[in-house]
Structure formats: C-alpha cells, structure tokens
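Undergrad: Structure incoming, see below.
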Amino acid sequence: MFHIYCPHCAEHREEEEFHPKGQAHIARPMDPEACSDEEWGDYLFFRDNPRGIHHELWVHAVGCRKFFNITRNTVSYEILETYKVGEQPTITAESLSQDKKMTADGVTVADGGLQTEGESDSAVNTSKEAKV
Amino acid sequence: MSNAQQFDTRPVVDNESEIAVESPLAFSRHRSGAPKAKADTRVTVRERAFLGHLVLRGGAIVLDEALREVVGLGLPGEPLGLVQDEGGKRSIQWISPDEWLLIVPGGEEFDIERRLREALGDAHFSISNVGGGQTVLELSGEAAREVLMKSVSYDVHPSHFPVGKGVTTVFAKSTVVLRRPSEERWELVIRRSFADYLYRWILDAGAEYTIGVEG
C-alpha cells in the first residue's frame with residue numbers, strides 16, 4: 001500500500017482512495033480543426049510509456065474527488081512528488097539527470113538503467129508552450 | 001436571486017401533519033434487529049435521521065459571507081475542518097476545496113436554502129438538498145474507536161483525528177464521511193443506498209463490544 005499525499009486535502013491517504021488517470025500534461029490542440037489526422041491521433045490515443053520518471057494524472061476518488069498530478073518512477077514505483085493541476089513539476093527526468101551529472105564528477109554513479117540521460121520531458125514542455 | 005426552482009421535500013399538509021417519512025434504516029432495524037444496550041455495552045450506535053443536508057459548492061469567500069448571515073456559522077478555515085454552533089445542532093464540514101456539507105435540524109433546510117440563494121444573488125454557486133439521500137449514524141462509547149479501527153483504513157488515533165475534523169474515506173468497502181464533533185462521539189454520514197449494509201456491518205463489528213442501538 002502507498003501513502004499518497006493529496007495536495008488538496010493536504011495530508012497522506014491510503015492508496016485505495018485514489019485512481020490513476022493516465023499521463024498528465026496533455027494539452028488539447030488550440031485549434032482542432034486545423035490539426036492533421038496524425039496530430040489529432042497523437043493527442044487522442046498515443047501516450048508515453050517511459051522507463052523512469054513519469055508525470056501522471058490521479059484522482060482522489062474517495063475523498064475530495066479532485067484531480068492532481070503525481071511524478072512517479074515507473075521502475076521503483078516511488079512517488080517523488082504530487083502537485084495540483086496547472087502547476088509544473090519540480091522534479092523531472094531532466095532535472096534528475098542534471099543532478100546526477102553534478103554528483104558524477106569523478107565518480108561513476110549507476111543509474112539502475114533508468115532513462116534519465118538524454119530523456120526529454122516533451123509532454124511537460126509542450127504544455128508549457130501551450131500555456132504561453 | 002437565482003432562478004433555480006426549489007420545492008420543499010417535506011411539506012406540511014393542512015398546516016399540521018407532515019407527510020410520513022421513513023428512515024433509510026427502517027427496514028434494516030426490522031430485519032436485522034436493534035439490540036438494546038446492556039450493562040457490558042462498550043459502544044452504542046444511534047441514527048440521527050431526517051436531518052437537513054445541503055451540499056454547497058462555490059467560492060469560499062461569497063459562501064462564507066452568506067452562511068454567516070443566514071446560519072450564523074462561517075466556513076471551516078482549513079481543509080478537513082468541521083465547525084458547529086454551540087449546541088452542535090448545525091454544522092458545516094469541508095468536503096473538497098469548493099464543496100461543503102451543511103447539516104441542520106430537519107425542517108430548517110428548505111428555508112435556509114431559500115435564504116442562502118437570496119443572499120448569494122448572482123454569485124457562481126450551487127446548493128443541493130441531499131437530505132433524502134443520506135443519513136447520519138453516531139457512534140459513542142469507549143470502544144467506538146475500536147469499531148472504527150476495524151472498518152476504516154484512515155488513522156483515527158486522537159493525535160491524528162482531533163475533535164473538529166472530518167474526512168471522506170473508505171469504510172468497509174463503502175464510502176462515508178467520518179467526522180468527530182466531540183470527544184466521545186463519532187459521526188458517519190452515509191448514503192441511503194449503503195445504509196443497510198453499513199448498519200449490519202457495524203452491528204457485526206460491534207458484537208464483541210456488546211453493541212447497543214439507541215433511538
């Protein structure tokens with residue numbers, strides 16, 4: 001069982017109160033009419049399946065019934081942070097790989113096979129652009 | 001005033017008799033029984049039926065203002081908060097960031113809803129009378145917390161669940177609003193459709209403490 005921190009209730013709750021709702025930060029195209037079939041298909045059906053850091057949408061289904069985002073490691077199941085919808089994650093695959101480069105000066109740090117090197121947070125970046 | 005239609009779910013007929021209403025537990029009591037409290041009873045359950053339940057949604061600031069004017073109670077300042085008036089008859093509980101549950105003595109809810117709508121005017125809000133859809137069970141006695149510990153995954157230790165707190169959580173595979181209005185009492189706001197199941201669950205869970213049913 002996980003204890004998941006709900007940013008709306010401001011406390012940790014049991015996992016059974018929550019439901020995962022898939023990838024977070026999927027921005028609806030600004031002008032659907034102008035989308036190519038491929039762009040629209042990507043928006044509707046295609047999701048990332050990373051090994052490592054993943055940003056996900058969850059809902060506190062038995063509780064405040066609000067949606068929020070979780071940054072989760074898909075290998076270790078570790079939940080790194082939770083944040084409200086509309087906010088940006090402070091922990092991303094890029095920020096973690098940068099931390100690792102700093103600590104790795106002269107020391108080899110095993111990365112456990114995680115896709116942190118060269119990984120891009122394209123989904124998060126896209127939603128950032130969409131906001132501007 | 002918004003142009004939402006309202007109707008009194010419990011109208012007074014001939015200015016005297018109300019239309020007969022039945023608690024969601026009426027049949028459960030008949031079928032599963034209601035054991036009386038005995039000398040070694042350590043937990044008692046009491047249904048507080050026919051209260052007025054209103055779900056309020058909208059912005060905290062406008063709702064708070066209107067509630068202070070109409071009910072004389074403000075919204076709880078914190079998430080998971082529960083405030084009540086001095087007699088404990090009226091209470092407002094935080095349910096989610098834009099949703100609160102107002103419970104008042106039965107019969108007051110229609111008038112309060114009308115006055116709230118007047119006070120809120122054109123603000124963006126919604127008020128739903130859910131009194132027919134849910135009821136309140138009250139657990140008291142020294143073993144009340146032990147019955148809860150068998151039934152909810154939520155931590156009900158007094159250090160984590162002080163008086164004046166209320167949460168929506170999982171209770172025996174169903175959903176309840178669990179709240180603690182005073183040191184000795186715990187309240188479960190349960191859905192009508194789950195009432196029979198939860199009543200029988202509580203009787204079963206409380207059997208080892210010789211549970212008694214009051215009221």
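FYI, nothing fancy with the structure tokens labels: chains A, B, ... in order, residues from 1 per chain, ligands from 1 as they appear.
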Kindly assemble as a Markdown table a list of the chain B residues that lie within 7 Å of chain A, each paired with its nearest atom pair and their distance in Å to one decimal, using only C-alpha atoms, sorted first by chain and then by ascending residue number.
TA:
```
| residue | atom | partner | partner_atom | distance |
| --- | --- | --- | --- | --- |
| B:Pro79 | CA | A:Cys9 | CA | 5.8 |
| B:Leu80 | CA | A:Cys9 | CA | 6.7 |
| B:Ile95 | CA | A:Cys64 | CA | 5.9 |
| B:Ser96 | CA | A:Cys64 | CA | 4.4 |
| B:Pro97 | CA | A:His8 | CA | 6.7 |
| B:Ser153 | CA | A:Glu14 | CA | 7.0 |
| B:Thr168 | CA | A:Gly63 | CA | 4.7 |
| B:Thr169 | CA | A:Gly63 | CA | 5.7 |
| B:Val170 | CA | A:Val62 | CA | 6.7 |
| B:Thr175 | CA | A:Val62 | CA | 6.7 |
```
Undergrad: What does the file look like for those residues with N, CA and C atoms, as an mmCIF file, in the first residue's frame?
TA:
```
data_model
loop_
_atom_site.group_PDB
_atom_site.id
_atom_site.type_symbol
_atom_site.label_atom_id
_atom_site.label_comp_id
_atom_site.auth_asym_id
_atom_site.auth_seq_id
_atom_site.Cartn_x
_atom_site.Cartn_y
_atom_site.Cartn_z
ATOM 1 N N PRO B 79 -8.703 22.828 5.236
ATOM 2 C CA PRO B 79 -9.199 21.566 4.680
ATOM 3 C C PRO B 79 -9.451 20.556 5.801
ATOM 4 N N LEU B 80 -10.444 19.710 5.630
ATOM 5 C CA LEU B 80 -10.822 18.664 6.595
ATOM 6 C C LEU B 80 -11.379 19.258 7.892
ATOM 7 N N ILE B 95 -15.591 19.456 2.442
ATOM 8 C CA ILE B 95 -15.610 18.187 1.704
ATOM 9 C C ILE B 95 -14.520 18.201 0.630
ATOM 10 N N SER B 96 -14.414 19.300 -0.085
ATOM 11 C CA SER B 96 -13.350 19.460 -1.077
ATOM 12 C C SER B 96 -13.119 20.969 -1.219
ATOM 13 N N PRO B 97 -12.092 21.389 -1.965
ATOM 14 C CA PRO B 97 -11.752 22.815 -1.960
ATOM 15 C C PRO B 97 -12.912 23.749 -2.345
ATOM 16 N N SER B 153 -9.509 2.503 6.824
ATOM 17 C CA SER B 153 -8.058 2.486 6.707
ATOM 18 C C SER B 153 -7.477 3.784 7.258
ATOM 19 N N THR B 168 -13.607 12.332 4.194
ATOM 20 C CA THR B 168 -14.346 11.368 3.379
ATOM 21 C C THR B 168 -13.393 10.220 3.125
ATOM 22 N N THR B 169 -13.792 9.014 3.474
ATOM 23 C CA THR B 169 -12.846 7.913 3.331
ATOM 24 C C THR B 169 -13.586 6.606 3.079
ATOM 25 N N VAL B 170 -12.806 5.535 2.995
ATOM 26 C CA VAL B 170 -13.368 4.209 2.730
ATOM 27 C C VAL B 170 -13.733 3.560 4.058
ATOM 28 N N THR B 175 -18.183 4.140 0.945
ATOM 29 C CA THR B 175 -17.677 5.480 1.215
ATOM 30 C C THR B 175 -18.476 6.110 2.338
#
```
Undergrad: What's the 12 Å shell around Thr82 of chain A, counting only C-alpha atoms, without same-chain residues fewer than 5 positions away, as a list in words?
TA: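 With the cut-off at 12 Å, the set is His3, Ile4, Tyr5, Cys6, Pro7, His8, Cys9, Ala10, Glu11, His12, Ala24, His54, His55, Glu56, Leu57, Trp58, Val59, His60, Phe67, Phe68, Asn69, Ile70, Thr71, Arg72, Glu87, Gln88, Pro89, Thr90 and Ile91 of chain A.
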Undergrad: Output C-alpha atoms for every residue in that selection, as a tab-separated table (two decimals), in the first residue's frame.
TA:
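Dumped everything to again_30.tsv:
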```
chain	number	residue	atom	x	y	z
A	3	HIS	CA	0.53	6.55	1.30
A	4	ILE	CA	-0.19	9.24	-1.29
A	5	TYR	CA	-0.10	12.93	-0.44
A	6	CYS	CA	-3.22	14.69	-1.71
A	7	PRO	CA	-2.35	18.35	-2.36
A	8	HIS	CA	-6.00	19.38	-1.83
A	9	CYS	CA	-6.62	17.53	1.46
A	10	ALA	CA	-3.04	18.40	2.48
A	11	GLU	CA	-2.33	15.03	4.02
A	12	HIS	CA	-1.30	11.49	3.18
A	24	ALA	CA	-0.52	14.19	-17.24
A	54	HIS	CA	6.59	9.69	-15.44
A	55	HIS	CA	4.11	12.51	-14.75
A	56	GLU	CA	0.64	11.12	-14.18
A	57	LEU	CA	-2.86	12.40	-13.53
A	58	TRP	CA	-4.55	10.89	-10.49
A	59	VAL	CA	-7.89	11.48	-8.82
A	60	HIS	CA	-8.67	11.34	-5.10
A	67	PHE	CA	-7.61	15.64	-9.84
A	68	PHE	CA	-3.91	16.25	-9.26
A	69	ASN	CA	-0.57	15.19	-10.73
A	70	ILE	CA	1.98	12.71	-9.47
A	71	THR	CA	5.61	12.38	-10.54
A	72	ARG	CA	6.32	8.67	-10.26
A	87	GLU	CA	1.29	23.63	-11.66
A	88	GLN	CA	4.58	22.45	-13.12
A	89	PRO	CA	6.60	19.57	-11.60
A	90	THR	CA	9.75	20.50	-9.73
A	91	ILE	CA	11.19	17.04	-10.36
```
Undergrad: Report the distance between atom CA of Phe45 of chain A and atom CA of Val85 of chain A in Å, rounded to one decimal place.
TA: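 Pair atom CA of Phe45 of chain A / atom CA of Val85 of chain A returns 20.8 Å.
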Undergrad: As a short mmCIF file (atom, residue, chain, number, x, y, z; two decimals) with N, CA, C and O atoms, in the first residue's frame, please: every residue in chain B that DSSP puts in alpha helix (DSSP H).
TA:
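Output saved as result_15.cif:
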```cif
data_model
loop_
_atom_site.label_atom_id
_atom_site.label_comp_id
_atom_site.auth_asym_id
_atom_site.auth_seq_id
_atom_site.Cartn_x
_atom_site.Cartn_y
_atom_site.Cartn_z
N ALA B 26 -35.15 1.91 8.35
CA ALA B 26 -36.39 1.37 8.88
C ALA B 26 -36.48 -0.14 8.64
O ALA B 26 -36.76 -0.92 9.55
N PHE B 27 -36.19 -0.54 7.41
CA PHE B 27 -36.29 -1.96 7.10
C PHE B 27 -35.16 -2.76 7.76
O PHE B 27 -35.35 -3.88 8.23
N SER B 28 -33.97 -2.15 7.81
CA SER B 28 -32.84 -2.85 8.42
C SER B 28 -33.10 -3.16 9.88
O SER B 28 -32.77 -4.24 10.38
N ARG B 29 -33.68 -2.21 10.58
CA ARG B 29 -33.99 -2.43 12.00
C ARG B 29 -34.99 -3.57 12.15
O ARG B 29 -34.88 -4.39 13.05
N HIS B 30 -35.94 -3.59 11.21
CA HIS B 30 -36.96 -4.63 11.25
C HIS B 30 -36.34 -6.00 10.98
O HIS B 30 -36.61 -6.97 11.67
N ARG B 31 -35.44 -6.06 10.00
CA ARG B 31 -34.92 -7.36 9.60
C ARG B 31 -33.73 -7.79 10.46
O ARG B 31 -33.61 -8.95 10.83
N SER B 32 -32.82 -6.85 10.74
CA SER B 32 -31.60 -7.24 11.44
C SER B 32 -31.69 -6.99 12.94
O SER B 32 -30.79 -7.37 13.68
N ALA B 60 -15.27 30.17 -1.77
CA ALA B 60 -15.28 30.16 -0.31
C ALA B 60 -15.70 31.52 0.25
O ALA B 60 -16.42 31.59 1.25
N ILE B 61 -15.28 32.60 -0.38
CA ILE B 61 -15.50 33.91 0.22
C ILE B 61 -16.97 34.30 0.20
O ILE B 61 -17.55 34.69 1.22
N VAL B 62 -17.62 34.13 -0.96
CA VAL B 62 -19.04 34.51 -1.03
C VAL B 62 -19.89 33.57 -0.17
O VAL B 62 -20.83 34.00 0.50
N LEU B 63 -19.56 32.27 -0.19
CA LEU B 63 -20.34 31.32 0.61
C LEU B 63 -20.20 31.62 2.10
O LEU B 63 -21.16 31.59 2.86
N ASP B 64 -18.98 31.93 2.51
CA ASP B 64 -18.72 32.22 3.91
C ASP B 64 -19.56 33.41 4.38
O ASP B 64 -20.19 33.37 5.43
N GLU B 65 -19.58 34.43 3.55
CA GLU B 65 -20.34 35.63 3.89
C GLU B 65 -21.84 35.31 4.04
O GLU B 65 -22.48 35.68 5.02
N ALA B 66 -22.37 34.58 3.05
CA ALA B 66 -23.80 34.26 3.07
C ALA B 66 -24.15 33.36 4.25
O ALA B 66 -25.19 33.53 4.89
N LEU B 67 -23.27 32.42 4.56
CA LEU B 67 -23.56 31.49 5.66
C LEU B 67 -23.55 32.20 7.00
O LEU B 67 -24.35 31.92 7.88
N ARG B 68 -22.60 33.13 7.16
CA ARG B 68 -22.56 33.89 8.42
C ARG B 68 -23.86 34.66 8.62
O ARG B 68 -24.37 34.78 9.73
N GLU B 69 -24.38 35.16 7.52
CA GLU B 69 -25.60 35.95 7.59
C GLU B 69 -26.81 35.07 7.87
O GLU B 69 -27.66 35.40 8.70
N VAL B 70 -26.89 33.90 7.21
CA VAL B 70 -28.10 33.08 7.26
C VAL B 70 -28.07 32.07 8.41
O VAL B 70 -29.03 31.91 9.14
N GLU B 109 -33.95 23.04 6.45
CA GLU B 109 -33.09 23.13 5.27
C GLU B 109 -33.75 23.89 4.12
O GLU B 109 -33.07 24.59 3.37
N PHE B 110 -35.06 23.75 3.99
CA PHE B 110 -35.73 24.40 2.86
C PHE B 110 -35.65 25.92 2.99
O PHE B 110 -35.32 26.64 2.04
N ASP B 111 -35.92 26.38 4.20
CA ASP B 111 -35.87 27.83 4.44
C ASP B 111 -34.44 28.35 4.31
O ASP B 111 -34.21 29.42 3.73
N ILE B 112 -33.47 27.59 4.85
CA ILE B 112 -32.07 28.03 4.77
C ILE B 112 -31.61 28.09 3.33
O ILE B 112 -30.93 29.02 2.91
N GLU B 113 -32.02 27.09 2.54
CA GLU B 113 -31.62 27.09 1.13
C GLU B 113 -32.16 28.34 0.43
O GLU B 113 -31.44 29.02 -0.31
N ARG B 114 -33.42 28.67 0.71
CA ARG B 114 -34.03 29.84 0.07
C ARG B 114 -33.30 31.12 0.47
O ARG B 114 -32.96 31.96 -0.36
N ARG B 115 -32.99 31.22 1.78
CA ARG B 115 -32.33 32.45 2.24
C ARG B 115 -30.89 32.53 1.73
O ARG B 115 -30.38 33.61 1.44
N LEU B 116 -30.23 31.36 1.61
CA LEU B 116 -28.88 31.36 1.06
C LEU B 116 -28.90 31.81 -0.40
O LEU B 116 -28.05 32.58 -0.84
N ARG B 117 -29.89 31.33 -1.15
CA ARG B 117 -29.98 31.73 -2.55
C ARG B 117 -30.19 33.24 -2.66
O ARG B 117 -29.65 33.88 -3.55
N GLU B 118 -31.01 33.77 -1.76
CA GLU B 118 -31.23 35.21 -1.78
C GLU B 118 -29.95 35.96 -1.46
O GLU B 118 -29.58 36.93 -2.11
N ALA B 119 -29.22 35.47 -0.43
CA ALA B 119 -28.01 36.17 0.00
C ALA B 119 -26.92 36.06 -1.06
O ALA B 119 -26.10 36.97 -1.20
N LEU B 120 -26.89 34.94 -1.79
CA LEU B 120 -25.80 34.74 -2.75
C LEU B 120 -26.06 35.47 -4.06
O LEU B 120 -25.12 35.75 -4.80
N ALA B 144 -15.87 2.83 20.64
CA ALA B 144 -16.27 3.37 19.33
C ALA B 144 -15.07 3.45 18.39
O ALA B 144 -15.15 3.10 17.21
N ARG B 145 -13.94 3.86 18.95
CA ARG B 145 -12.75 3.99 18.11
C ARG B 145 -12.26 2.61 17.64
O ARG B 145 -11.75 2.48 16.54
N GLU B 146 -12.47 1.61 18.47
CA GLU B 146 -12.03 0.28 18.05
C GLU B 146 -12.89 -0.26 16.92
O GLU B 146 -12.39 -0.94 16.02
N VAL B 147 -14.19 0.05 16.96
CA VAL B 147 -15.05 -0.35 15.84
C VAL B 147 -14.58 0.34 14.57
O VAL B 147 -14.51 -0.26 13.50
N LEU B 148 -14.22 1.62 14.69
CA LEU B 148 -13.75 2.35 13.51
C LEU B 148 -12.42 1.76 13.00
O LEU B 148 -12.22 1.63 11.80
N MET B 149 -11.55 1.38 13.93
CA MET B 149 -10.25 0.85 13.52
C MET B 149 -10.41 -0.45 12.74
O MET B 149 -9.57 -0.79 11.91
N LYS B 150 -11.50 -1.18 12.99
CA LYS B 150 -11.75 -2.41 12.24
C LYS B 150 -12.32 -2.11 10.86
O LYS B 150 -12.41 -3.01 10.03
N SER B 151 -12.79 -0.90 10.66
CA SER B 151 -13.59 -0.63 9.47
C SER B 151 -12.97 0.36 8.49
O SER B 151 -13.27 0.30 7.30
N ARG B 192 -27.85 6.62 1.58
CA ARG B 192 -29.05 5.82 1.79
C ARG B 192 -28.88 4.40 1.23
O ARG B 192 -29.25 3.42 1.86
N SER B 193 -28.28 4.32 0.05
CA SER B 193 -28.17 3.02 -0.61
C SER B 193 -27.21 2.08 0.11
O SER B 193 -27.27 0.88 -0.07
N PHE B 194 -26.29 2.63 0.90
CA PHE B 194 -25.36 1.79 1.65
C PHE B 194 -25.80 1.61 3.09
O PHE B 194 -25.12 0.94 3.87
N ALA B 195 -26.91 2.24 3.48
CA ALA B 195 -27.25 2.31 4.89
C ALA B 195 -27.46 0.92 5.49
O ALA B 195 -26.96 0.62 6.58
N ASP B 196 -28.17 0.05 4.79
CA ASP B 196 -28.44 -1.28 5.34
C ASP B 196 -27.14 -2.06 5.52
O ASP B 196 -26.88 -2.65 6.56
N TYR B 197 -26.31 -2.03 4.48
CA TYR B 197 -25.03 -2.74 4.53
C TYR B 197 -24.17 -2.23 5.70
O TYR B 197 -23.63 -3.01 6.48
N LEU B 198 -24.09 -0.93 5.84
CA LEU B 198 -23.23 -0.37 6.88
C LEU B 198 -23.80 -0.62 8.27
O LEU B 198 -23.06 -0.88 9.22
N TYR B 199 -25.12 -0.55 8.38
CA TYR B 199 -25.75 -0.82 9.67
C TYR B 199 -25.43 -2.24 10.11
O TYR B 199 -25.01 -2.48 11.25
N ARG B 200 -25.56 -3.19 9.18
CA ARG B 200 -25.28 -4.58 9.55
C ARG B 200 -23.80 -4.79 9.79
O ARG B 200 -23.40 -5.57 10.65
N TRP B 201 -22.96 -4.08 9.04
CA TRP B 201 -21.51 -4.18 9.28
C TRP B 201 -21.18 -3.69 10.70
O TRP B 201 -20.42 -4.32 11.43
N ILE B 202 -21.77 -2.58 11.09
CA ILE B 202 -21.47 -2.01 12.41
C ILE B 202 -21.98 -2.93 13.51
O ILE B 202 -21.29 -3.15 14.52
N LEU B 203 -23.17 -3.51 13.32
CA LEU B 203 -23.67 -4.45 14.33
C LEU B 203 -22.71 -5.62 14.47
O LEU B 203 -22.40 -6.08 15.57
N ASP B 204 -22.20 -6.10 13.34
CA ASP B 204 -21.28 -7.24 13.36
C ASP B 204 -19.95 -6.85 14.00
O ASP B 204 -19.41 -7.55 14.85
N ALA B 205 -19.43 -5.69 13.58
CA ALA B 205 -18.13 -5.25 14.09
C ALA B 205 -18.22 -4.93 15.57
O ALA B 205 -17.25 -5.07 16.31
N GLY B 206 -19.40 -4.49 16.03
CA GLY B 206 -19.56 -4.09 17.43
C GLY B 206 -20.01 -5.24 18.32
O GLY B 206 -20.13 -5.06 19.53
#
```
Undergrad: Do you have the atom CA of Leu96 of chain A-atom CA of Phe46 of chain A distance handy?
TA: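 So the two atoms, atom CA of Leu96 of chain A and atom CA of Phe46 of chain A, lie 25.0 Å apart.
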Undergrad: Among the residues of segment 31-189 of chain B, find those DSSP assigns to strand (DSSP E or B) from the backbone and print them as a PyMOL selection string.
TA: chain B and resi 44-48+52-58+81-84+91-96+99-104+125-129+134-140+152+165-171+174-180+185-189
Undergrad: State, in Å with one decimal place, the distance from atom CA of Glu184 of chain B to atom CA of Val163 of chain B.
TA: 9.2 Å
Undergrad: Please determine, counting only C-alpha atoms, which residue among A:Gln23, A:Phe18, A:Ser97, A:Ile53 has the shortest atom-to-atom distance to Ser76 of chain A.
TA: A:Ile53
